[in-house]
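J.: Mind having a look at this structure? Questions to follow.
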Amino acid sequence: MRSFRVFFQSLSAVAVLWLGTATPARADLIISGIDQTVAVGGTAEVSFYITSTGSDQLGSFNLQSQITGAAGQLAFSPSQSASFVSANNYVFSNNSLDANVPPFWGSPFSTAYANDTVTGFDNYTGGTGAATVSSSQTFLLATVTVDATNPNLVAAGESFQISLVPTSIGDPNATNFQDAAGNLINYTSASVTVNVVPAEVSAVPAPSSLVLAGIAAPIGLLYYWRRRTTAASP
């Protein structure tokens, strides 16, 4: 009986140790963005953010972003900045591969029309192999620039959606998130709406002739008043 109790206690200790070292259940990443406006003839930056329903260890990710929506053709700018990887709230802040080996974004390409899709990626370079993404904080994931500089392709009042294309569509380079070992992490994402607004009206500078007239008028009135004052004196 004693030997059985010792065996049972040993087995219980092993079970407790195993439970204490077992990998916790993986949560889901949540990707979201902030709706944006872009003026006809201009550009705008659209940002995506990342958090988790619990806690995840993010080692790398690929993003494939696509524009859909109105009859017009809002595009991704051919020149994409990656300065956001140096931001303090970036998910791989101070541990970004692309901060040292750019670029983050590749060249925009065509899916339904010109420059409607762009792909980017980054890897965590810190010693822990992954960044902790938890429900207690929201990090910046990426910022992408959209282009409405061609008024023949977009019009005020049009609305577009920017979405992350999942790998289930069939492109292995589409959006995915991986831990340090390369295992996929589940995620959910919501599209961002970009509304096109009229071009900003710049202030029209006054013609030089009007400026001179504005300066000369007070001087002329002063001269006329002094002459009348002099003529009226006894």
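As shown in the structure tokens, the chain order sets the letters A, B, ...; within each chain, residues go from 1, and ligands are also counted from 1 in the order they appear.
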Report the closest atom pair, with its distance in Å rounded to one decimal, for each residue of region 122-193 of chain A that has an atom no farther than 8 Å from region 61-81 of chain A; count only C-alpha atoms, sort by chain and then rising residue number, and write it as JSON lines.

T.:
```
{"residue": "A:Asp122", "atom": "CA", "partner": "A:Phe61", "partner_atom": "CA", "distance": 5.9}
{"residue": "A:Asn123", "atom": "CA", "partner": "A:Phe61", "partner_atom": "CA", "distance": 6.7}
{"residue": "A:Val144", "atom": "CA", "partner": "A:Gln80", "partner_atom": "CA", "distance": 6.7}
{"residue": "A:Thr145", "atom": "CA", "partner": "A:Ser77", "partner_atom": "CA", "distance": 5.7}
{"residue": "A:Val146", "atom": "CA", "partner": "A:Phe76", "partner_atom": "CA", "distance": 4.4}
{"residue": "A:Asp147", "atom": "CA", "partner": "A:Ser77", "partner_atom": "CA", "distance": 5.1}
{"residue": "A:Ala148", "atom": "CA", "partner": "A:Leu74", "partner_atom": "CA", "distance": 5.8}
{"residue": "A:Leu153", "atom": "CA", "partner": "A:Gln73", "partner_atom": "CA", "distance": 5.2}
{"residue": "A:Val154", "atom": "CA", "partner": "A:Gly72", "partner_atom": "CA", "distance": 4.8}
{"residue": "A:Ala155", "atom": "CA", "partner": "A:Gly72", "partner_atom": "CA", "distance": 7.1}
{"residue": "A:Glu158", "atom": "CA", "partner": "A:Ala70", "partner_atom": "CA", "distance": 5.9}
{"residue": "A:Ser159", "atom": "CA", "partner": "A:Ala70", "partner_atom": "CA", "distance": 5.8}
{"residue": "A:Phe160", "atom": "CA", "partner": "A:Gly69", "partner_atom": "CA", "distance": 4.4}
{"residue": "A:Gln161", "atom": "CA", "partner": "A:Thr68", "partner_atom": "CA", "distance": 5.3}
{"residue": "A:Ile162", "atom": "CA", "partner": "A:Ile67", "partner_atom": "CA", "distance": 4.6}
{"residue": "A:Ser163", "atom": "CA", "partner": "A:Gln66", "partner_atom": "CA", "distance": 5.5}
{"residue": "A:Leu164", "atom": "CA", "partner": "A:Ser65", "partner_atom": "CA", "distance": 4.6}
{"residue": "A:Val165", "atom": "CA", "partner": "A:Gln64", "partner_atom": "CA", "distance": 5.5}
{"residue": "A:Pro166", "atom": "CA", "partner": "A:Gln64", "partner_atom": "CA", "distance": 7.8}
{"residue": "A:Asn173", "atom": "CA", "partner": "A:Asn62", "partner_atom": "CA", "distance": 6.8}
{"residue": "A:Ala174", "atom": "CA", "partner": "A:Gln64", "partner_atom": "CA", "distance": 4.9}
{"residue": "A:Thr175", "atom": "CA", "partner": "A:Leu63", "partner_atom": "CA", "distance": 4.3}
{"residue": "A:Asn176", "atom": "CA", "partner": "A:Asn62", "partner_atom": "CA", "distance": 5.3}
{"residue": "A:Phe177", "atom": "CA", "partner": "A:Phe61", "partner_atom": "CA", "distance": 4.4}
{"residue": "A:Gln178", "atom": "CA", "partner": "A:Phe61", "partner_atom": "CA", "distance": 6.0}
```

J.: May I have the selected residues written with N, CA and C atoms, as an mmCIF file, in the first residue's frame?

T.:
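Ended up saving to result.cif:
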```
data_model
loop_
_atom_site.group_PDB
_atom_site.id
_atom_site.type_symbol
_atom_site.label_atom_id
_atom_site.label_comp_id
_atom_site.auth_asym_id
_atom_site.auth_seq_id
_atom_site.Cartn_x
_atom_site.Cartn_y
_atom_site.Cartn_z
ATOM 1 N N ASP A 122 7.526 41.659 -42.170
ATOM 2 C CA ASP A 122 8.572 41.993 -41.211
ATOM 3 C C ASP A 122 8.817 40.789 -40.315
ATOM 4 N N ASN A 123 10.022 40.742 -39.738
ATOM 5 C CA ASN A 123 10.415 39.685 -38.812
ATOM 6 C C ASN A 123 10.929 40.288 -37.519
ATOM 7 N N VAL A 144 0.051 52.347 -44.725
ATOM 8 C CA VAL A 144 0.168 52.283 -46.184
ATOM 9 C C VAL A 144 -0.419 53.561 -46.778
ATOM 10 N N THR A 145 0.179 54.048 -47.869
ATOM 11 C CA THR A 145 -0.249 55.298 -48.494
ATOM 12 C C THR A 145 -1.125 55.011 -49.710
ATOM 13 N N VAL A 146 -2.288 55.659 -49.749
ATOM 14 C CA VAL A 146 -3.191 55.530 -50.900
ATOM 15 C C VAL A 146 -3.109 56.802 -51.738
ATOM 16 N N ASP A 147 -3.360 56.649 -53.034
ATOM 17 C CA ASP A 147 -3.099 57.702 -54.008
ATOM 18 C C ASP A 147 -4.372 58.050 -54.773
ATOM 19 N N ALA A 148 -4.777 59.339 -54.687
ATOM 20 C CA ALA A 148 -5.931 59.820 -55.452
ATOM 21 C C ALA A 148 -5.524 61.000 -56.322
ATOM 22 N N LEU A 153 -9.487 59.142 -62.299
ATOM 23 C CA LEU A 153 -9.700 57.797 -61.763
ATOM 24 C C LEU A 153 -10.539 57.779 -60.487
ATOM 25 N N VAL A 154 -10.594 58.888 -59.787
ATOM 26 C CA VAL A 154 -11.388 58.955 -58.557
ATOM 27 C C VAL A 154 -12.217 60.229 -58.559
ATOM 28 N N ALA A 155 -13.329 60.191 -57.845
ATOM 29 C CA ALA A 155 -14.209 61.363 -57.761
ATOM 30 C C ALA A 155 -14.680 61.532 -56.329
ATOM 31 N N GLU A 158 -16.890 59.062 -53.698
ATOM 32 C CA GLU A 158 -16.656 57.621 -53.816
ATOM 33 C C GLU A 158 -16.094 57.070 -52.513
ATOM 34 N N SER A 159 -16.337 55.781 -52.297
ATOM 35 C CA SER A 159 -15.897 55.121 -51.077
ATOM 36 C C SER A 159 -15.201 53.812 -51.424
ATOM 37 N N PHE A 160 -14.084 53.548 -50.767
ATOM 38 C CA PHE A 160 -13.308 52.333 -51.018
ATOM 39 C C PHE A 160 -13.035 51.602 -49.708
ATOM 40 N N GLN A 161 -12.773 50.302 -49.816
ATOM 41 C CA GLN A 161 -12.405 49.502 -48.654
ATOM 42 C C GLN A 161 -10.997 48.938 -48.870
ATOM 43 N N ILE A 162 -10.203 48.979 -47.806
ATOM 44 C CA ILE A 162 -8.877 48.367 -47.832
ATOM 45 C C ILE A 162 -8.900 47.193 -46.872
ATOM 46 N N SER A 163 -8.637 46.008 -47.403
ATOM 47 C CA SER A 163 -8.743 44.780 -46.616
ATOM 48 C C SER A 163 -7.445 43.990 -46.689
ATOM 49 N N LEU A 164 -7.233 43.118 -45.701
ATOM 50 C CA LEU A 164 -6.113 42.194 -45.709
ATOM 51 C C LEU A 164 -6.562 40.888 -46.352
ATOM 52 N N VAL A 165 -5.861 40.478 -47.398
ATOM 53 C CA VAL A 165 -6.224 39.267 -48.137
ATOM 54 C C VAL A 165 -5.693 38.047 -47.392
ATOM 55 N N PRO A 166 -6.551 37.117 -46.969
ATOM 56 C CA PRO A 166 -6.091 35.937 -46.220
ATOM 57 C C PRO A 166 -5.454 34.896 -47.135
ATOM 58 N N ASN A 173 1.689 34.105 -50.293
ATOM 59 C CA ASN A 173 2.308 35.340 -49.827
ATOM 60 C C ASN A 173 1.286 36.316 -49.262
ATOM 61 N N ALA A 174 0.036 35.892 -49.166
ATOM 62 C CA ALA A 174 -1.004 36.758 -48.620
ATOM 63 C C ALA A 174 -0.846 36.859 -47.107
ATOM 64 N N THR A 175 -1.825 37.461 -46.458
ATOM 65 C CA THR A 175 -1.692 37.785 -45.039
ATOM 66 C C THR A 175 -1.587 36.546 -44.158
ATOM 67 N N ASN A 176 -0.556 36.499 -43.319
ATOM 68 C CA ASN A 176 -0.443 35.452 -42.304
ATOM 69 C C ASN A 176 0.446 35.941 -41.175
ATOM 70 N N PHE A 177 0.239 35.357 -40.004
ATOM 71 C CA PHE A 177 0.991 35.697 -38.806
ATOM 72 C C PHE A 177 1.571 34.416 -38.231
ATOM 73 N N GLN A 178 2.855 34.449 -37.841
ATOM 74 C CA GLN A 178 3.527 33.242 -37.380
ATOM 75 C C GLN A 178 4.247 33.497 -36.061
#
```

J.: Find the spatial neighbours of region 83-91 of chain A, counting only C-alpha atoms, within a cut-off of 7 Å - ignore same-chain residues fewer than 2 positions away - and output them as a compact mmCIF listing (two decimals) with C-alpha atoms, in the first residue's frame.

T.:
```
# COMPACT_ATOMS: atom_id res chain seq x y z
CA SER A 81 7.25 54.89 -46.65
CA SER A 93 9.69 48.33 -32.11
CA SER A 96 12.40 45.05 -36.68
CA ALA A 99 14.26 48.77 -39.86
CA PHE A 139 0.28 48.05 -31.38
CA LEU A 140 0.80 49.69 -34.75
CA LEU A 141 1.04 46.98 -37.41
CA ALA A 142 1.56 48.93 -40.64
CA THR A 143 0.84 52.19 -42.45
```

J.: Residues at most 10 Å from region 134-136 of chain A, counting only C-alpha atoms, excluding those fewer than 4 positions away in the same chain, as JSON, numbers by chain?

T.: {"A": [27, 28, 29, 30, 50, 51, 52, 53, 54, 55, 56, 57]}

J.: Include N, CA and C atoms and write out the residues we just selected as a PDB file, in the first residue's frame.

T.:
```pdb
ATOM      1  N   ALA A  27      -4.368  32.342 -28.363  1.00  0.00           N
ATOM      2  CA  ALA A  27      -5.486  33.256 -28.589  1.00  0.00           C
ATOM      3  C   ALA A  27      -5.535  33.634 -30.064  1.00  0.00           C
ATOM      4  N   ASP A  28      -6.406  34.552 -30.399  1.00  0.00           N
ATOM      5  CA  ASP A  28      -6.521  35.047 -31.763  1.00  0.00           C
ATOM      6  C   ASP A  28      -6.056  36.493 -31.821  1.00  0.00           C
ATOM      7  N   LEU A  29      -5.330  36.820 -32.878  1.00  0.00           N
ATOM      8  CA  LEU A  29      -4.946  38.202 -33.113  1.00  0.00           C
ATOM      9  C   LEU A  29      -6.123  38.959 -33.713  1.00  0.00           C
ATOM     10  N   ILE A  30      -6.217  40.235 -33.402  1.00  0.00           N
ATOM     11  CA  ILE A  30      -7.282  41.084 -33.933  1.00  0.00           C
ATOM     12  C   ILE A  30      -6.629  42.254 -34.671  1.00  0.00           C
ATOM     13  N   ILE A  50      -2.799  46.081 -34.236  1.00  0.00           N
ATOM     14  CA  ILE A  50      -2.880  44.680 -33.844  1.00  0.00           C
ATOM     15  C   ILE A  50      -2.969  44.549 -32.328  1.00  0.00           C
ATOM     16  N   THR A  51      -3.858  43.666 -31.900  1.00  0.00           N
ATOM     17  CA  THR A  51      -3.963  43.292 -30.491  1.00  0.00           C
ATOM     18  C   THR A  51      -4.343  41.811 -30.458  1.00  0.00           C
ATOM     19  N   SER A  52      -4.725  41.291 -29.295  1.00  0.00           N
ATOM     20  CA  SER A  52      -5.038  39.865 -29.175  1.00  0.00           C
ATOM     21  C   SER A  52      -6.211  39.667 -28.230  1.00  0.00           C
ATOM     22  N   THR A  53      -6.895  38.547 -28.400  1.00  0.00           N
ATOM     23  CA  THR A  53      -7.969  38.208 -27.478  1.00  0.00           C
ATOM     24  C   THR A  53      -7.408  37.674 -26.164  1.00  0.00           C
ATOM     25  N   GLY A  54      -6.148  37.306 -26.162  1.00  0.00           N
ATOM     26  CA  GLY A  54      -5.499  36.809 -24.949  1.00  0.00           C
ATOM     27  C   GLY A  54      -4.041  37.194 -24.956  1.00  0.00           C
ATOM     28  N   SER A  55      -3.184  36.272 -25.379  1.00  0.00           N
ATOM     29  CA  SER A  55      -1.751  36.547 -25.499  1.00  0.00           C
ATOM     30  C   SER A  55      -1.167  35.660 -26.588  1.00  0.00           C
ATOM     31  N   ASP A  56      -0.386  36.277 -27.480  1.00  0.00           N
ATOM     32  CA  ASP A  56       0.259  35.544 -28.571  1.00  0.00           C
ATOM     33  C   ASP A  56       1.706  35.990 -28.705  1.00  0.00           C
ATOM     34  N   GLN A  57       2.552  35.079 -29.174  1.00  0.00           N
ATOM     35  CA  GLN A  57       3.950  35.371 -29.435  1.00  0.00           C
ATOM     36  C   GLN A  57       4.136  35.494 -30.949  1.00  0.00           C
TER      37      GLN A  57
END
```
